[in-house]
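Printed here is query-v6.pdb (PDB, C-alpha atoms and all ligand atoms):
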MODEL        1
ATOM      1  CA  MET A1102      69.739  18.463 104.605
ATOM      2  CA  ASN A1103      68.200  16.072 102.093
ATOM      3  CA  PRO A1104      64.845  14.829 103.491
ATOM      4  CA  TYR A1105      64.797  11.859 101.106
ATOM      5  CA  THR A1106      65.506   8.402 102.489
ATOM      6  CA  ILE A1107      64.686   4.866 101.431
ATOM      7  CA  PHE A1108      61.202   5.512 102.874
ATOM      8  CA  SER A1109      60.604   8.277 100.298
ATOM      9  CA  GLU A1110      61.456   5.750  97.602
ATOM     10  CA  ILE A1111      58.986   3.286  99.117
ATOM     11  CA  ILE A1112      56.269   5.990  99.166
ATOM     12  CA  ALA A1113      57.029   6.811  95.529
ATOM     13  CA  GLY A1114      56.805   3.126  94.596
ATOM     14  CA  GLN A1115      60.473   3.146  93.524
ATOM     15  CA  ALA A1116      61.542   0.678  96.216
ATOM     16  CA  GLU A1117      59.852  -2.554  97.167
ATOM     17  CA  ALA A1118      57.773  -2.825 100.346
ATOM     18  CA  SER A1119      55.221  -5.235 101.779
ATOM     19  CA  THR A1120      52.420  -2.770 102.455
ATOM     20  CA  VAL A1121      49.668  -3.425 104.985
ATOM     21  CA  TYR A1122      47.917  -0.020 105.026
ATOM     22  CA  GLU A1123      47.848   3.182 103.003
ATOM     23  CA  ASP A1124      45.798   6.375 102.959
ATOM     24  CA  ASP A1125      46.428   9.961 101.813
ATOM     25  CA  ASP A1126      48.686  10.722 104.793
ATOM     26  CA  VAL A1127      50.234   7.522 106.001
ATOM     27  CA  LEU A1128      51.832   4.293 104.784
ATOM     28  CA  ALA A1129      52.447   1.144 106.848
ATOM     29  CA  PHE A1130      54.597  -1.788 105.782
ATOM     30  CA  MET A1131      56.629  -4.714 107.084
ATOM     31  CA  ASP A1132      60.033  -3.883 108.541
ATOM     32  CA  ILE A1133      62.694  -5.482 106.346
ATOM     33  CA  ARG A1134      64.668  -6.592 109.454
ATOM     34  CA  PRO A1135      61.899  -7.494 111.897
ATOM     35  CA  VAL A1136      62.791  -7.804 115.572
ATOM     36  CA  THR A1137      59.797 -10.135 115.855
ATOM     37  CA  PRO A1138      57.712 -11.653 113.011
ATOM     38  CA  GLY A1139      55.075  -9.114 111.919
ATOM     39  CA  HIS A1140      57.104  -6.025 112.939
ATOM     40  CA  LEU A1141      55.541  -3.034 111.141
ATOM     41  CA  LEU A1142      56.550   0.554 110.420
ATOM     42  CA  VAL A1143      54.066   3.423 110.070
ATOM     43  CA  ILE A1144      55.345   6.518 108.289
ATOM     44  CA  PRO A1145      53.924   9.883 107.229
ATOM     45  CA  LYS A1146      53.915  10.375 103.454
ATOM     46  CA  VAL A1147      55.291  13.899 103.864
ATOM     47  CA  PRO A1148      58.876  13.373 105.009
ATOM     48  CA  ALA A1149      59.817  14.748 108.426
ATOM     49  CA  ARG A1150      63.304  13.973 109.685
ATOM     50  CA  SER A1151      62.408  14.308 113.368
ATOM     51  CA  LEU A1152      59.491  14.752 115.766
ATOM     52  CA  ALA A1153      60.255  18.478 115.809
ATOM     53  CA  GLU A1154      59.610  18.635 112.049
ATOM     54  CA  LEU A1155      56.502  16.430 112.127
ATOM     55  CA  ASP A1156      53.077  18.084 111.781
ATOM     56  CA  PRO A1157      51.371  17.200 115.110
ATOM     57  CA  ALA A1158      48.178  16.245 113.267
ATOM     58  CA  LEU A1159      50.191  13.703 111.295
ATOM     59  CA  GLY A1160      51.763  12.482 114.530
ATOM     60  CA  GLY A1161      48.252  11.829 115.820
ATOM     61  CA  LYS A1162      47.466   9.970 112.617
ATOM     62  CA  LEU A1163      50.552   7.751 113.024
ATOM     63  CA  PHE A1164      49.324   6.772 116.475
ATOM     64  CA  GLN A1165      45.754   6.141 115.256
ATOM     65  CA  VAL A1166      46.977   3.900 112.459
ATOM     66  CA  GLY A1167      49.344   2.203 114.909
ATOM     67  CA  GLN A1168      46.340   1.428 117.128
ATOM     68  CA  ARG A1169      44.480  -0.150 114.215
ATOM     69  CA  LEU A1170      47.540  -2.154 113.231
ATOM     70  CA  ALA A1171      47.978  -3.402 116.791
ATOM     71  CA  ALA A1172      44.403  -4.719 116.692
ATOM     72  CA  ALA A1173      44.982  -6.218 113.226
ATOM     73  CA  LEU A1174      48.166  -7.957 114.409
ATOM     74  CA  ARG A1175      46.309  -9.513 117.334
ATOM     75  CA  ALA A1176      43.531 -10.745 115.010
ATOM     76  CA  SER A1177      45.840 -11.915 112.196
ATOM     77  CA  GLU A1178      47.940 -15.044 111.751
ATOM     78  CA  VAL A1179      50.888 -13.210 113.315
ATOM     79  CA  ASN A1180      51.758 -14.565 116.770
ATOM     80  CA  CYS A1181      50.834 -11.617 118.947
ATOM     81  CA  ASP A1182      50.071 -11.661 122.669
ATOM     82  CA  GLY A1183      51.069  -8.031 123.150
ATOM     83  CA  VAL A1184      52.296  -5.006 121.214
ATOM     84  CA  ASN A1185      55.031  -2.424 121.720
ATOM     85  CA  PHE A1186      55.103   0.952 120.008
ATOM     86  CA  PHE A1187      58.594   2.357 119.590
ATOM     87  CA  LEU A1188      59.809   5.584 118.005
ATOM     88  CA  ALA A1189      63.462   6.608 117.854
ATOM     89  CA  ASP A1190      63.956  10.385 117.593
ATOM     90  CA  GLY A1191      67.619  11.232 117.048
ATOM     91  CA  VAL A1192      70.841   9.265 116.693
ATOM     92  CA  THR A1193      71.237   8.882 120.453
ATOM     93  CA  ALA A1194      67.761   7.355 120.628
ATOM     94  CA  GLY A1195      68.727   4.805 117.964
ATOM     95  CA  GLN A1196      67.207   6.474 114.899
ATOM     96  CA  GLU A1197      68.750   5.127 111.718
ATOM     97  CA  VAL A1198      66.306   6.250 109.037
ATOM     98  CA  PHE A1199      65.678   9.990 109.154
ATOM     99  CA  HIS A1200      62.046   9.883 108.136
ATOM    100  CA  VAL A1201      59.880   9.676 111.281
ATOM    101  CA  HIS A1202      58.439   6.202 111.755
ATOM    102  CA  LEU A1203      56.476   4.388 114.410
ATOM    103  CA  HIS A1204      57.492   0.769 115.025
ATOM    104  CA  VAL A1205      54.568  -1.530 115.833
ATOM    105  CA  ILE A1206      56.082  -4.673 117.304
ATOM    106  CA  PRO A1207      54.051  -7.805 118.011
ATOM    107  CA  ARG A1208      55.132  -9.577 121.184
ATOM    108  CA  THR A1209      55.087 -13.160 122.371
ATOM    109  CA  PRO A1210      56.549 -14.628 125.568
ATOM    110  CA  GLY A1211      60.306 -15.128 125.288
ATOM    111  CA  ASP A1212      60.592 -13.412 121.887
ATOM    112  CA  GLY A1213      63.877 -11.770 122.880
ATOM    113  CA  PHE A1214      62.782  -8.174 122.295
ATOM    114  CA  GLY A1215      63.409  -5.723 125.108
ATOM    115  CA  LEU A1216      64.667  -2.291 126.075
ATOM    116  CA  ARG A1217      67.779  -2.165 128.193
ATOM    117  CA  ALA A1218      67.486   0.377 130.986
ATOM    118  CA  ARG A1219      68.749   1.154 134.477
ATOM    119  CA  PRO A1220      65.739   2.566 136.352
ATOM    120  CA  THR A1221      66.662   4.807 139.282
ATOM    121  CA  SER A1222      64.750   5.961 142.371
ATOM    122  CA  PRO A1223      65.090   9.755 142.475
ATOM    123  CA  ARG A1224      63.819  11.816 145.391
ATOM    124  CA  ARG A1225      60.461  13.561 144.918
ATOM    125  CA  ALA A1226      62.281  16.905 145.047
ATOM    126  CA  ASP A1227      64.365  15.895 142.028
ATOM    127  CA  LEU A1228      61.262  14.744 140.135
ATOM    128  CA  ASP A1229      59.514  18.028 141.023
ATOM    129  CA  TYR A1230      62.532  20.061 139.920
ATOM    130  CA  LEU A1231      62.663  18.504 136.450
ATOM    131  CA  ALA A1232      58.848  18.603 136.153
ATOM    132  CA  GLY A1233      59.040  22.347 136.842
ATOM    133  CA  SER A1234      61.690  22.812 134.175
ATOM    134  CA  ILE A1235      59.613  20.967 131.567
ATOM    135  CA  ARG A1236      56.420  22.808 132.616
ATOM    136  CA  GLY A1237      58.299  26.073 132.216
ATOM    137  CA  VAL A1238      59.135  25.302 128.589
ATOM    138  CA  LEU A1239      55.529  24.311 127.861
ATOM    139  CA  GLU A1240      54.213  27.496 129.485
ATOM    140  CA  GLN A1241      56.699  29.621 127.533
ATOM    141  CA  GLU A1242      55.604  27.962 124.294
ATOM    142  CA  ALA A1243      51.940  28.531 125.155
ATOM    143  CA  GLY A1244      52.754  32.186 125.826
ATOM    144  CA  ASN A1245      54.481  32.533 122.448
ATOM    145  CA  SER A1246      51.596  31.060 120.459
TER     146      SER A1246
HETATM  147  P1  LIG B1301      65.141   3.180 113.387
HETATM  148  O1  LIG B1301      66.359   2.556 114.016
HETATM  149  O2  LIG B1301      65.475   4.377 112.529
HETATM  150  O3  LIG B1301      64.051   3.466 114.400
HETATM  151  O4  LIG B1301      64.521   2.055 112.492
HETATM  152  C1  LIG B1301      64.690   1.964 111.120
HETATM  153  C2  LIG B1301      63.981   0.699 110.704
HETATM  154  O5  LIG B1301      63.822   0.719 109.289
HETATM  155  C3  LIG B1301      64.763  -0.568 111.042
HETATM  156  O6  LIG B1301      63.956  -1.418 111.856
HETATM  157  C4  LIG B1301      65.085  -1.183 109.682
HETATM  158  O7  LIG B1301      65.039  -2.580 109.685
HETATM  159  C5  LIG B1301      64.011  -0.572 108.809
HETATM  160  N1  LIG B1301      64.408  -0.430 107.402
HETATM  161  C6  LIG B1301      65.563   0.124 106.943
HETATM  162  N2  LIG B1301      65.586   0.099 105.615
HETATM  163  C7  LIG B1301      64.416  -0.472 105.212
HETATM  164  C8  LIG B1301      63.868  -0.781 103.929
HETATM  165  O8  LIG B1301      64.461  -0.535 102.882
HETATM  166  N3  LIG B1301      62.648  -1.349 103.904
HETATM  167  C9  LIG B1301      61.966  -1.650 105.056
HETATM  168  N4  LIG B1301      60.765  -2.219 104.921
HETATM  169  N5  LIG B1301      62.453  -1.368 106.285
HETATM  170  C10 LIG B1301      63.673  -0.798 106.361
ENDMDL
END
Could you write out this file's structure as structure tokens?
Ligand code: 5GP
Amino acid sequence: MNPYTIFSEIIAGQAEASTVYEDDDVLAFMDIRPVTPGHLLVIPKVPARSLAELDPALGGKLFQVGQRLAAALRASEVNCDGVNFFLADGVTAGQEVFHVHLHVIPRTPGDGFGLRARPTSPRRADLDYLAGSIRGVLEQEAGNS
């Protein structure tokens, strides 16, 4: 499938973006439809459609740059009392642009941003069961590497 999206065009300088940070690996710019003023996106320069395709070192870099941007937002003229990181991986998770990106969202009281959820209260046995399943996959992966 074609890995090129509007974000590839932004990286190539063929589409407009309001950039706040750039290095050899990563680009960060203003979201064109901010959910709060100052909403930023951090993207790897090498396109990866999903977390599964993303080089883990680059994933670490996205987070590091996100941390710096969170501090910059708090110190800038952007109204920012708190910050949310958000990353949608897959259509069901709300991903619309298939080039991995970390949202860095400045927060203020009553800004209207939120995640809708229905938290449950599972029994410990159910938590342990799923934890065991996930641990099993991790252990299998470790065994294969
Ligand atoms: P997703 O739903 O995939 O996590 O988020 C995609 C984000 O990319 C959205 O917040 C959307 O506003 C933003 N976006 C889509 N197209 C463009 C664009 O051309 N330029 C910029 N700066 N942001 C974009």
Edge lengths and centre in Å to one decimal, as lines of an AutoDock Vina configuration file, is what I'm after for the box along x, y and z that holds all listed atoms of stretch 1221-1226 of chain A once 3 Å is added on each side.
center_x = 63.6
center_y = 10.9
center_z = 142.3
size_x = 12.2
size_y = 18.1
size_z = 12.1
Counting all atoms listed in the file, give me one row per residue of chain A with an atom at most 8 Å from an atom of ligand LIG 1301 (chain B), showing the shortest contact pair and its distance in Å to one decimal, sorted by chain then residue number, as CSV.
residue,atom,partner,partner_atom,distance
A:Ile1107,CA,B:LIG1301,O8,5.6
A:Phe1108,CA,B:LIG1301,O8,6.9
A:Ile1111,CA,B:LIG1301,N3,7.6
A:Ala1116,CA,B:LIG1301,O8,7.4
A:Glu1117,CA,B:LIG1301,N3,7.4
A:Ala1118,CA,B:LIG1301,N4,5.5
A:Ser1119,CA,B:LIG1301,N4,7.1
A:Phe1130,CA,B:LIG1301,N4,6.2
A:Met1131,CA,B:LIG1301,N4,5.3
A:Asp1132,CA,B:LIG1301,N4,4.1
A:Ile1133,CA,B:LIG1301,N4,4.0
A:Arg1134,CA,B:LIG1301,O7,4.0
A:Pro1135,CA,B:LIG1301,O7,6.2
A:Val1136,CA,B:LIG1301,O6,7.5
A:Leu1142,CA,B:LIG1301,O5,7.4
A:Phe1187,CA,B:LIG1301,O3,7.6
A:Leu1188,CA,B:LIG1301,O3,6.0
A:Ala1189,CA,B:LIG1301,O3,4.7
A:Asp1190,CA,B:LIG1301,O3,7.6
A:Gly1195,CA,B:LIG1301,O1,5.1
A:Gln1196,CA,B:LIG1301,O2,3.6
A:Glu1197,CA,B:LIG1301,O2,3.5
A:Val1198,CA,B:LIG1301,O2,4.0
A:Phe1199,CA,B:LIG1301,O2,6.6
A:His1200,CA,B:LIG1301,O2,7.8
A:Val1201,CA,B:LIG1301,O2,7.8
A:His1202,CA,B:LIG1301,O3,6.8
A:Leu1203,CA,B:LIG1301,O3,7.6
A:His1204,CA,B:LIG1301,O3,7.1
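Across the chains present, the PyMOL selection byres (((chain A and resi 1173) around 12) and not hetatm) applied to this file returns Val1121, Tyr1122, Gly1139, Leu1141, Val1166, Gly1167, Gln1168, Arg1169, Leu1170, Ala1171, Ala1172, Leu1174, Arg1175, Ala1176, Ser1177, Glu1178, Val1179, Asn1180, Cys1181, Gly1183, Val1184, Val1205, Ile1206 and Pro1207 of chain A.
Note that the spacing between atom CA of A:Phe1164 and atom CA of A:Arg1150 amounts to 17.1 Å.
Taken over the whole file, the PyMOL selection byres (((chain A and resi 1162) around 12) and not hetatm) covers exactly Glu1123, Asp1124, Asp1125, Asp1126, Val1127, Leu1128, Ala1129, Val1143, Ile1144, Pro1145, Lys1146, Leu1155, Asp1156, Pro1157, Ala1158, Leu1159, Gly1160, Gly1161, Leu1163, Phe1164, Gln1165, Val1166, Gly1167, Gln1168, Arg1169, His1202 and Leu1203 of chain A.
Going from atom CA of A:Gly1213 over to atom CA of A:Asn1185, you cover 12.9 Å.
Distance annotation: of A:Gly1191, A:Gly1114, A:Pro1223, A:Pro1138, the residue with the minimal separation from A:Ser1151 is A:Gly1191; atom set is only C-alpha atoms.
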